[in-house]
$ cat model_3.tsv   # TSV, N, CA and C atoms
chain	number	residue	atom	x	y	z
O	131	MET	N	47.55	-11.93	-37.64
O	131	MET	CA	46.20	-12.40	-37.43
O	131	MET	C	45.76	-11.93	-36.04
O	132	ILE	N	44.55	-11.42	-36.00
O	132	ILE	CA	44.04	-10.92	-34.72
O	132	ILE	C	43.00	-11.84	-34.11
O	133	GLY	N	42.54	-12.84	-34.85
O	133	GLY	CA	41.54	-13.76	-34.33
O	133	GLY	C	40.97	-14.62	-35.44
O	134	SER	N	40.04	-15.45	-35.05
O	134	SER	CA	39.39	-16.32	-36.04
O	134	SER	C	37.89	-16.37	-35.75
O	135	PHE	N	37.16	-16.83	-36.73
O	135	PHE	CA	35.72	-16.96	-36.58
O	135	PHE	C	35.24	-18.09	-37.49
O	136	LYS	N	34.07	-18.59	-37.19
O	136	LYS	CA	33.47	-19.63	-38.02
O	136	LYS	C	32.80	-18.95	-39.21
O	137	VAL	N	32.93	-19.57	-40.37
O	137	VAL	CA	32.39	-18.97	-41.58
O	137	VAL	C	30.88	-18.82	-41.50
O	138	ASP	N	30.20	-19.77	-40.87
O	138	ASP	CA	28.74	-19.70	-40.84
O	138	ASP	C	28.19	-18.86	-39.69
O	139	ASP	N	29.06	-18.31	-38.83
O	139	ASP	CA	28.59	-17.41	-37.78
O	139	ASP	C	28.24	-16.06	-38.40
O	140	PRO	N	27.09	-15.50	-38.01
O	140	PRO	CA	26.69	-14.22	-38.62
O	140	PRO	C	27.51	-13.03	-38.13
O	141	ARG	N	28.14	-13.15	-36.96
O	141	ARG	CA	28.88	-12.02	-36.40
O	141	ARG	C	30.28	-12.46	-35.99
O	142	LEU	N	31.13	-11.48	-35.84
O	142	LEU	CA	32.47	-11.73	-35.33
O	142	LEU	C	32.40	-12.01	-33.83
O	143	PRO	N	33.36	-12.76	-33.30
O	143	PRO	CA	33.42	-12.91	-31.85
O	143	PRO	C	33.67	-11.53	-31.21
O	144	PRO	N	33.11	-11.29	-30.02
O	144	PRO	CA	33.24	-9.96	-29.39
O	144	PRO	C	34.69	-9.53	-29.20
O	145	GLU	N	35.58	-10.48	-28.87
O	145	GLU	CA	36.98	-10.09	-28.66
O	145	GLU	C	37.65	-9.64	-29.95
O	146	VAL	N	37.24	-10.19	-31.09
O	146	VAL	CA	37.79	-9.76	-32.38
O	146	VAL	C	37.16	-8.43	-32.78
O	147	GLU	N	35.86	-8.32	-32.60
O	147	GLU	CA	35.14	-7.10	-32.97
O	147	GLU	C	35.69	-5.89	-32.20
O	148	ALA	N	36.10	-6.10	-30.97
O	148	ALA	CA	36.63	-5.00	-30.15
O	148	ALA	C	37.94	-4.46	-30.71
O	149	LEU	N	38.67	-5.28	-31.46
O	149	LEU	CA	39.96	-4.86	-32.00
O	149	LEU	C	39.84	-4.11	-33.33
O	150	LEU	N	38.68	-4.16	-33.96
O	150	LEU	CA	38.52	-3.57	-35.29
O	150	LEU	C	38.02	-2.13	-35.23
O	151	THR	N	38.43	-1.37	-36.23
O	151	THR	CA	37.92	0.00	-36.37
O	151	THR	C	36.54	-0.07	-37.01
O	152	PRO	N	35.77	1.01	-36.93
O	152	PRO	CA	34.45	1.02	-37.59
O	152	PRO	C	34.54	0.71	-39.09
O	153	GLN	N	35.57	1.23	-39.75
O	153	GLN	CA	35.74	0.97	-41.18
O	153	GLN	C	36.00	-0.53	-41.42
O	154	GLU	N	36.85	-1.14	-40.59
O	154	GLU	CA	37.14	-2.57	-40.74
O	154	GLU	C	35.88	-3.42	-40.47
O	155	LYS	N	35.08	-3.00	-39.51
O	155	LYS	CA	33.82	-3.71	-39.23
O	155	LYS	C	32.90	-3.63	-40.45
O	156	ALA	N	32.81	-2.44	-41.05
O	156	ALA	CA	31.96	-2.26	-42.23
O	156	ALA	C	32.48	-3.11	-43.39
O	157	GLU	N	33.81	-3.16	-43.55
O	157	GLU	CA	34.39	-3.99	-44.61
O	157	GLU	C	34.09	-5.47	-44.37
O	158	PHE	N	34.17	-5.88	-43.11
O	158	PHE	CA	33.86	-7.28	-42.78
O	158	PHE	C	32.41	-7.59	-43.11
O	159	GLU	N	31.50	-6.70	-42.69
O	159	GLU	CA	30.07	-6.91	-42.95
O	159	GLU	C	29.80	-7.02	-44.45
O	160	GLU	N	30.44	-6.17	-45.23
O	160	GLU	CA	30.27	-6.21	-46.69
O	160	GLU	C	30.81	-7.53	-47.24
O	161	TRP	N	31.99	-7.94	-46.77
O	161	TRP	CA	32.58	-9.21	-47.22
O	161	TRP	C	31.67	-10.38	-46.83
O	162	LYS	N	31.16	-10.34	-45.61
O	162	LYS	CA	30.31	-11.42	-45.11
O	162	LYS	C	29.04	-11.55	-45.95
O	163	ARG	N	28.42	-10.41	-46.30
O	163	ARG	CA	27.22	-10.42	-47.14
O	163	ARG	C	27.54	-11.03	-48.51
O	164	ALA	N	28.65	-10.61	-49.10
O	164	ALA	CA	29.04	-11.14	-50.41
O	164	ALA	C	29.32	-12.64	-50.32
O	165	GLN	N	29.95	-13.06	-49.24
O	165	GLN	CA	30.26	-14.48	-49.03
O	165	GLN	C	28.97	-15.30	-48.92
O	166	GLN	N	28.01	-14.81	-48.15
O	166	GLN	CA	26.74	-15.52	-47.97
O	166	GLN	C	25.98	-15.61	-49.29
O	167	GLN	N	26.01	-14.54	-50.08
O	167	GLN	CA	25.34	-14.56	-51.38
O	167	GLN	C	26.00	-15.57	-52.32
O	168	ALA	N	27.33	-15.64	-52.28
O	168	ALA	CA	28.04	-16.60	-53.14
O	168	ALA	C	27.72	-18.03	-52.75
O	169	VAL	N	27.65	-18.31	-51.46
O	169	VAL	CA	27.31	-19.66	-50.99
O	169	VAL	C	25.88	-20.01	-51.39
O	170	ALA	N	24.96	-19.07	-51.22
O	170	ALA	CA	23.56	-19.32	-51.60
O	170	ALA	C	23.46	-19.58	-53.10
O	171	ARG	N	24.21	-18.83	-53.89
O	171	ARG	CA	24.20	-19.01	-55.35
O	171	ARG	C	24.74	-20.39	-55.72
O	172	GLU	N	25.81	-20.83	-55.07
O	172	GLU	CA	26.37	-22.16	-55.34
O	172	GLU	C	25.37	-23.26	-55.01
O	173	LYS	N	24.64	-23.09	-53.91
O	173	LYS	CA	23.64	-24.09	-53.53
O	173	LYS	C	22.53	-24.17	-54.58
O	174	LEU	N	22.09	-23.01	-55.06
O	174	LEU	CA	21.04	-22.99	-56.08
O	174	LEU	C	21.55	-23.57	-57.40
O	175	ALA	N	22.81	-23.32	-57.74
O	175	ALA	CA	23.38	-23.91	-58.96
O	175	ALA	C	23.40	-25.43	-58.85
O	176	ALA	N	23.67	-25.95	-57.66
O	176	ALA	CA	23.67	-27.40	-57.46
O	176	ALA	C	22.26	-27.97	-57.65
O	177	VAL	N	21.25	-27.21	-57.25
O	177	VAL	CA	19.86	-27.65	-57.46
O	177	VAL	C	19.57	-27.75	-58.95
O	178	LEU	N	20.02	-26.76	-59.72
O	178	LEU	CA	19.80	-26.81	-61.17
O	178	LEU	C	20.47	-28.01	-61.81
O	179	ASP	N	21.60	-28.43	-61.26
O	179	ASP	CA	22.29	-29.60	-61.80
O	179	ASP	C	21.46	-30.87	-61.67
O	180	THR	N	20.53	-30.90	-60.71
O	180	THR	CA	19.72	-32.10	-60.49
O	180	THR	C	18.34	-32.00	-61.13
O	181	LEU	N	18.01	-30.85	-61.73
O	181	LEU	CA	16.67	-30.62	-62.25
O	181	LEU	C	16.24	-31.68	-63.26
O	182	ASP	N	17.08	-31.97	-64.24
O	182	ASP	CA	16.73	-32.94	-65.27
O	182	ASP	C	16.43	-34.31	-64.66
O	183	GLY	N	17.28	-34.76	-63.76
O	183	GLY	CA	17.08	-36.07	-63.14
O	183	GLY	C	15.83	-36.14	-62.28
O	184	VAL	N	15.58	-35.09	-61.51
O	184	VAL	CA	14.39	-35.07	-60.65
O	184	VAL	C	13.12	-35.08	-61.49
O	185	MET	N	13.11	-34.29	-62.55
O	185	MET	CA	11.91	-34.25	-63.39
O	185	MET	C	11.71	-35.57	-64.13
O	186	THR	N	12.79	-36.18	-64.61
O	186	THR	CA	12.69	-37.47	-65.29
O	186	THR	C	12.14	-38.53	-64.35
O	187	ARG	N	12.68	-38.61	-63.15
O	187	ARG	CA	12.21	-39.61	-62.19
O	187	ARG	C	10.78	-39.34	-61.74
O	188	SER	N	10.40	-38.07	-61.69
O	188	SER	CA	9.02	-37.73	-61.34
O	188	SER	C	8.07	-38.23	-62.42
O	189	CYS	N	8.44	-38.04	-63.69
O	189	CYS	CA	7.62	-38.56	-64.79
O	189	CYS	C	7.52	-40.08	-64.71
O	190	MET	N	8.65	-40.72	-64.44
O	190	MET	CA	8.67	-42.18	-64.30
O	190	MET	C	7.72	-42.63	-63.21
O	191	ALA	N	7.81	-42.00	-62.06
O	191	ALA	CA	6.99	-42.38	-60.91
O	191	ALA	C	5.51	-42.24	-61.23
O	192	LEU	N	5.14	-41.15	-61.89
O	192	LEU	CA	3.74	-40.96	-62.26
O	192	LEU	C	3.30	-41.97	-63.31
O	193	ASP	N	4.16	-42.24	-64.30
O	193	ASP	CA	3.81	-43.18	-65.37
O	193	ASP	C	3.60	-44.60	-64.87
O	194	ILE	N	4.37	-45.02	-63.88
O	194	ILE	CA	4.22	-46.39	-63.39
O	194	ILE	C	3.29	-46.47	-62.19
O	195	GLY	N	2.73	-45.33	-61.80
O	195	GLY	CA	1.79	-45.32	-60.67
O	195	GLY	C	2.45	-45.60	-59.35
O	196	ALA	N	3.67	-45.10	-59.19
O	196	ALA	CA	4.43	-45.36	-57.96
O	196	ALA	C	3.90	-44.58	-56.76
O	197	GLY	N	3.03	-43.66	-57.00
O	197	GLY	CA	2.49	-42.87	-55.90
O	197	GLY	C	1.59	-41.79	-56.45
O	198	THR	N	1.17	-40.91	-55.58
O	198	THR	CA	0.32	-39.81	-56.00
O	198	THR	C	0.97	-38.49	-55.59
O	199	VAL	N	0.54	-37.44	-56.24
O	199	VAL	CA	1.03	-36.10	-55.93
O	199	VAL	C	0.11	-35.52	-54.87
O	200	GLU	N	0.69	-35.07	-53.79
O	200	GLU	CA	-0.10	-34.56	-52.67
O	200	GLU	C	-0.90	-33.32	-53.03
O	201	ASP	N	-0.28	-32.39	-53.76
O	201	ASP	CA	-0.96	-31.14	-54.12
O	201	ASP	C	-0.73	-30.86	-55.61
O	202	PRO	N	-1.52	-31.48	-56.50
O	202	PRO	CA	-1.30	-31.31	-57.93
O	202	PRO	C	-1.35	-29.85	-58.39
O	203	ALA	N	-2.24	-29.05	-57.81
O	203	ALA	CA	-2.35	-27.65	-58.23
O	203	ALA	C	-1.04	-26.91	-57.97
O	204	ARG	N	-0.40	-27.22	-56.87
O	204	ARG	CA	0.89	-26.59	-56.55
O	204	ARG	C	1.95	-26.98	-57.57
O	205	ILE	N	1.96	-28.26	-57.98
O	205	ILE	CA	2.94	-28.72	-58.97
O	205	ILE	C	2.71	-28.01	-60.30
O	206	TRP	N	1.45	-27.90	-60.73
O	206	TRP	CA	1.17	-27.18	-61.97
O	206	TRP	C	1.61	-25.73	-61.87
O	207	ASP	N	1.39	-25.09	-60.74
O	207	ASP	CA	1.84	-23.71	-60.55
O	207	ASP	C	3.36	-23.62	-60.65
O	208	LEU	N	4.06	-24.60	-60.07
O	208	LEU	CA	5.52	-24.60	-60.13
O	208	LEU	C	6.02	-24.84	-61.56
O	209	ILE	N	5.31	-25.69	-62.31
O	209	ILE	CA	5.69	-25.92	-63.71
O	209	ILE	C	5.54	-24.61	-64.50
O	210	ASP	N	4.44	-23.89	-64.27
O	210	ASP	CA	4.26	-22.59	-64.93
O	210	ASP	C	5.36	-21.61	-64.53
O	211	ALA	N	5.70	-21.58	-63.25
O	211	ALA	CA	6.76	-20.69	-62.77
O	211	ALA	C	8.11	-21.07	-63.37
O	212	LEU	N	8.36	-22.37	-63.50
O	212	LEU	CA	9.62	-22.83	-64.11
O	212	LEU	C	9.68	-22.39	-65.57
O	213	GLU	N	8.57	-22.49	-66.27
O	213	GLU	CA	8.55	-22.05	-67.67
O	213	GLU	C	8.87	-20.56	-67.78
O	214	ARG	N	8.27	-19.75	-66.91
O	214	ARG	CA	8.56	-18.30	-66.92
O	214	ARG	C	10.03	-18.04	-66.59
O	215	SER	N	10.55	-18.74	-65.59
O	215	SER	CA	11.96	-18.55	-65.20
O	215	SER	C	12.91	-18.97	-66.31
O	216	MET	N	12.58	-20.06	-66.99
O	216	MET	CA	13.42	-20.52	-68.11
O	216	MET	C	13.44	-19.45	-69.20
O	217	THR	N	12.29	-18.87	-69.50
O	217	THR	CA	12.20	-17.84	-70.53
O	217	THR	C	13.00	-16.61	-70.12
O	218	ARG	N	12.85	-16.17	-68.86
O	218	ARG	CA	13.61	-15.00	-68.37
O	218	ARG	C	15.11	-15.26	-68.42
O	219	ALA	N	15.51	-16.51	-68.22
O	219	ALA	CA	16.94	-16.85	-68.23
O	219	ALA	C	17.47	-17.02	-69.66
O	220	GLY	N	16.59	-16.84	-70.66
O	220	GLY	CA	17.03	-16.93	-72.04
O	220	GLY	C	16.90	-18.31	-72.65
O	221	HIS	N	16.20	-19.21	-71.99
O	221	HIS	CA	16.00	-20.56	-72.51
O	221	HIS	C	14.58	-20.66	-73.05
O	222	GLU	N	14.40	-20.18	-74.27
O	222	GLU	CA	13.07	-20.19	-74.89
O	222	GLU	C	12.63	-21.63	-75.15
O	223	ARG	N	11.33	-21.84	-75.06
O	223	ARG	CA	10.78	-23.17	-75.36
O	223	ARG	C	10.98	-23.43	-76.86
O	224	PRO	N	11.48	-24.62	-77.21
O	224	PRO	CA	11.65	-24.92	-78.63
O	224	PRO	C	10.28	-24.97	-79.33
O	225	PRO	N	10.24	-24.62	-80.61
O	225	PRO	CA	8.96	-24.67	-81.31
O	225	PRO	C	8.44	-26.10	-81.38
O	226	ARG	N	7.13	-26.23	-81.24
O	226	ARG	CA	6.52	-27.56	-81.32
O	226	ARG	C	6.32	-27.91	-82.79
O	227	PRO	N	6.57	-29.17	-83.13
O	227	PRO	CA	6.36	-29.57	-84.53
O	227	PRO	C	4.87	-29.56	-84.87
O	228	ARG	N	4.59	-29.39	-86.15
O	228	ARG	CA	3.20	-29.39	-86.61
O	228	ARG	C	2.66	-30.81	-86.59
O	229	GLY	N	1.37	-30.93	-86.53
O	229	GLY	CA	0.74	-32.24	-86.59
O	229	GLY	C	0.46	-32.80	-85.21
O	230	ARG	N	0.16	-34.08	-85.21
O	230	ARG	CA	-0.18	-34.75	-83.96
O	230	ARG	C	1.05	-34.85	-83.06
O	231	PRO	N	0.93	-34.48	-81.79
O	231	PRO	CA	2.10	-34.55	-80.91
O	231	PRO	C	2.52	-36.00	-80.67
O	232	VAL	N	3.81	-36.19	-80.58
O	232	VAL	CA	4.37	-37.51	-80.32
O	232	VAL	C	4.76	-37.56	-78.86
O	233	TYR	N	4.36	-38.64	-78.18
O	233	TYR	CA	4.74	-38.80	-76.78
O	233	TYR	C	6.21	-39.18	-76.74
O	234	THR	N	7.00	-38.35	-76.13
O	234	THR	CA	8.42	-38.60	-76.03
O	234	THR	C	8.71	-39.31	-74.71
O	235	VAL	N	9.36	-40.45	-74.79
O	235	VAL	CA	9.75	-41.15	-73.58
O	235	VAL	C	10.99	-40.45	-73.05
O	236	VAL	N	10.89	-39.94	-71.83
O	236	VAL	CA	12.00	-39.17	-71.27
O	236	VAL	C	12.91	-40.05	-70.42
O	237	TYR	N	12.65	-41.34	-70.40
O	237	TYR	CA	13.49	-42.27	-69.67
O	237	TYR	C	13.56	-43.56	-70.47
O	238	THR	N	14.53	-44.38	-70.16
O	238	THR	CA	14.76	-45.61	-70.92
O	238	THR	C	14.47	-46.82	-70.05
O	239	GLU	N	14.51	-47.98	-70.68
O	239	GLU	CA	14.29	-49.22	-69.94
O	239	GLU	C	15.36	-49.41	-68.86
O	240	ASP	N	16.54	-48.87	-69.09
O	240	ASP	CA	17.61	-48.98	-68.09
O	240	ASP	C	17.22	-48.30	-66.79
O	241	ASP	N	16.36	-47.29	-66.90
O	241	ASP	CA	15.92	-46.60	-65.69
O	241	ASP	C	15.07	-47.50	-64.81
O	242	PHE	N	14.47	-48.52	-65.41
O	242	PHE	CA	13.64	-49.43	-64.64
O	242	PHE	C	14.47	-50.50	-63.92
O	243	SER	N	15.77	-50.54	-64.16
O	243	SER	CA	16.61	-51.57	-63.55
O	243	SER	C	16.54	-51.51	-62.02
O	244	ALA	N	16.32	-50.34	-61.48
O	244	ALA	CA	16.22	-50.22	-60.02
O	244	ALA	C	14.99	-50.95	-59.51
O	245	LEU	N	13.97	-51.09	-60.34
O	245	LEU	CA	12.75	-51.76	-59.92
O	245	LEU	C	12.95	-53.27	-59.79
O	246	ASP	N	13.96	-53.82	-60.46
O	246	ASP	CA	14.21	-55.26	-60.40
O	246	ASP	C	14.58	-55.71	-59.00
O	247	THR	N	15.06	-54.81	-58.19
O	247	THR	CA	15.50	-55.18	-56.85
O	247	THR	C	14.36	-55.18	-55.84
O	248	LEU	N	13.16	-54.79	-56.28
O	248	LEU	CA	12.03	-54.77	-55.37
O	248	LEU	C	11.53	-56.19	-55.11
O	249	PRO	N	11.01	-56.47	-53.93
O	249	PRO	CA	10.52	-57.82	-53.64
O	249	PRO	C	9.25	-58.12	-54.42
O	250	ASP	N	9.01	-59.41	-54.66
O	250	ASP	CA	7.81	-59.86	-55.37
O	250	ASP	C	6.77	-60.22	-54.33
O	251	PHE	N	5.71	-59.41	-54.24
O	251	PHE	CA	4.69	-59.62	-53.23
O	251	PHE	C	3.54	-60.51	-53.70
O	252	ILE	N	3.58	-60.94	-54.95
O	252	ILE	CA	2.50	-61.78	-55.47
O	252	ILE	C	2.68	-63.20	-54.93
O	253	PRO	N	1.67	-63.74	-54.24
O	253	PRO	CA	1.79	-65.11	-53.73
O	253	PRO	C	1.93	-66.09	-54.89
O	254	PRO	N	2.72	-67.16	-54.71
O	254	PRO	CA	2.96	-68.11	-55.80
O	254	PRO	C	1.68	-68.68	-56.39
O	255	GLU	N	0.66	-68.91	-55.56
O	255	GLU	CA	-0.59	-69.50	-56.08
O	255	GLU	C	-1.37	-68.53	-56.96
O	256	LYS	N	-1.08	-67.24	-56.88
O	256	LYS	CA	-1.78	-66.25	-57.69
O	256	LYS	C	-1.08	-65.98	-59.02
O	257	LYS	N	0.15	-66.45	-59.15
O	257	LYS	CA	0.91	-66.20	-60.38
O	257	LYS	C	0.41	-67.11	-61.48
O	258	LYS	N	0.39	-66.59	-62.70
O	258	LYS	CA	0.01	-67.40	-63.85
O	258	LYS	C	1.20	-68.25	-64.25
O	259	ALA	N	0.91	-69.45	-64.71
O	259	ALA	CA	1.97	-70.33	-65.19
O	259	ALA	C	2.52	-69.78	-66.49
O	260	PRO	N	3.84	-69.88	-66.71
O	260	PRO	CA	4.40	-69.39	-67.97
O	260	PRO	C	3.81	-70.17	-69.14
O	261	GLN	N	3.50	-69.46	-70.21
O	261	GLN	CA	2.93	-70.12	-71.39
O	261	GLN	C	4.04	-70.64	-72.27
O	262	SER	N	3.83	-71.82	-72.80
O	262	SER	CA	4.85	-72.42	-73.67
O	262	SER	C	4.77	-71.78	-75.04
O	263	GLY	N	5.87	-71.79	-75.74
O	263	GLY	CA	5.95	-71.17	-77.05
O	263	GLY	C	5.52	-72.10	-78.16
O	264	ALA	N	4.89	-73.25	-77.88
O	264	ALA	CA	4.52	-74.21	-78.91
O	264	ALA	C	3.27	-73.85	-79.62
$ encode --input "model_3.tsv" --output "structure tokens"
Amino acid sequence: MIGSFKVDDPRLPPEVEALLTPQEKAEFEEWKRAQQQAVAREKLAAVLDTLDGVMTRSCMALDIGAGTVEDPARIWDLIDALERSMTRAGHERPPRPRGRPVYTVVYTEDDFSALDTLPDFIPPEKKKAPQSGA
């Protein structure tokens, strides 16, 4: 071993670089580029792993009025871009059934369990009394 370096450093330390031949430096640069591309690819793969969950929670948030979208036009553009990317990756959109479209719930009641932990801001005097079942 002639030296060490940090993986995220873009260059070799000067004392190590001085010991290498031009060919070894070129080999290192090629290896470093390949390593950086592999790390970037892994990070993007991790983003894809969260895509379903992020989109589901986004639908939930919009459906319950949890907030607003800052730039709706940008989101629509990204949805169009995602559709094109899915098609290029070989994930064709499934055919739509004939007839009136059915609204598909993309989340379940269990997804709302997190909302149970939110505080109740309604003052007691404003709450309606429970109705009896008689």
$ residues_near_point --input "model_3.tsv" --point "(31.6, -21.7, -47.5)" --cutoff "8 Å" --atoms "all atoms listed in the file" --output "list of chain:residue names"
O:Val137, O:Asp138, O:Gln165, O:Gln166, O:Ala168, O:Val169
$ write_last_selection --input "model_3.tsv" --atoms "N, CA and C atoms" --output "compact mmCIF listing (two decimals), in the frame of the given file"
# COMPACT_ATOMS: atom_id res chain seq x y z
N VAL O 137 32.93 -19.57 -40.37
CA VAL O 137 32.39 -18.97 -41.58
C VAL O 137 30.88 -18.82 -41.50
N ASP O 138 30.20 -19.77 -40.87
CA ASP O 138 28.74 -19.70 -40.84
C ASP O 138 28.19 -18.86 -39.69
N GLN O 165 29.95 -13.06 -49.24
CA GLN O 165 30.26 -14.48 -49.03
C GLN O 165 28.97 -15.30 -48.92
N GLN O 166 28.01 -14.81 -48.15
CA GLN O 166 26.74 -15.52 -47.97
C GLN O 166 25.98 -15.61 -49.29
N ALA O 168 27.33 -15.64 -52.28
CA ALA O 168 28.04 -16.60 -53.14
C ALA O 168 27.72 -18.03 -52.75
N VAL O 169 27.65 -18.31 -51.46
CA VAL O 169 27.31 -19.66 -50.99
C VAL O 169 25.88 -20.01 -51.39
$ atom_distance --input "model_3.tsv" --atom1 "atom CA of Arg228 of chain O" --atom2 "atom CA of Glu213 of chain O"
21.0 Å
$ atom_distance --input "model_3.tsv" --atom1 "atom C of Gly133 of chain O" --atom2 "atom C of Pro152 of chain O"
17.0 Å
$ atom_distance --input "model_3.tsv" --atom1 "atom N of Pro144 of chain O" --atom2 "atom C of Gln167 of chain O"
23.8 Å
$ axis_aligned_box --input "model_3.tsv" --around "segment 161-174 of chain O" --padding-each-side "6 Å" --output "lines of an AutoDock Vina configuration file"
center_x = 26.8
center_y = -16.1
center_z = -51.3
size_x = 23.5
size_y = 28.2
size_z = 24.3
$ select_by_dssp --input "model_3.tsv" --residues "chain O" --states "alpha helix (DSSP H)" --output "PyMOL selection string"
chain O and resi 144-147+152-193+202-218
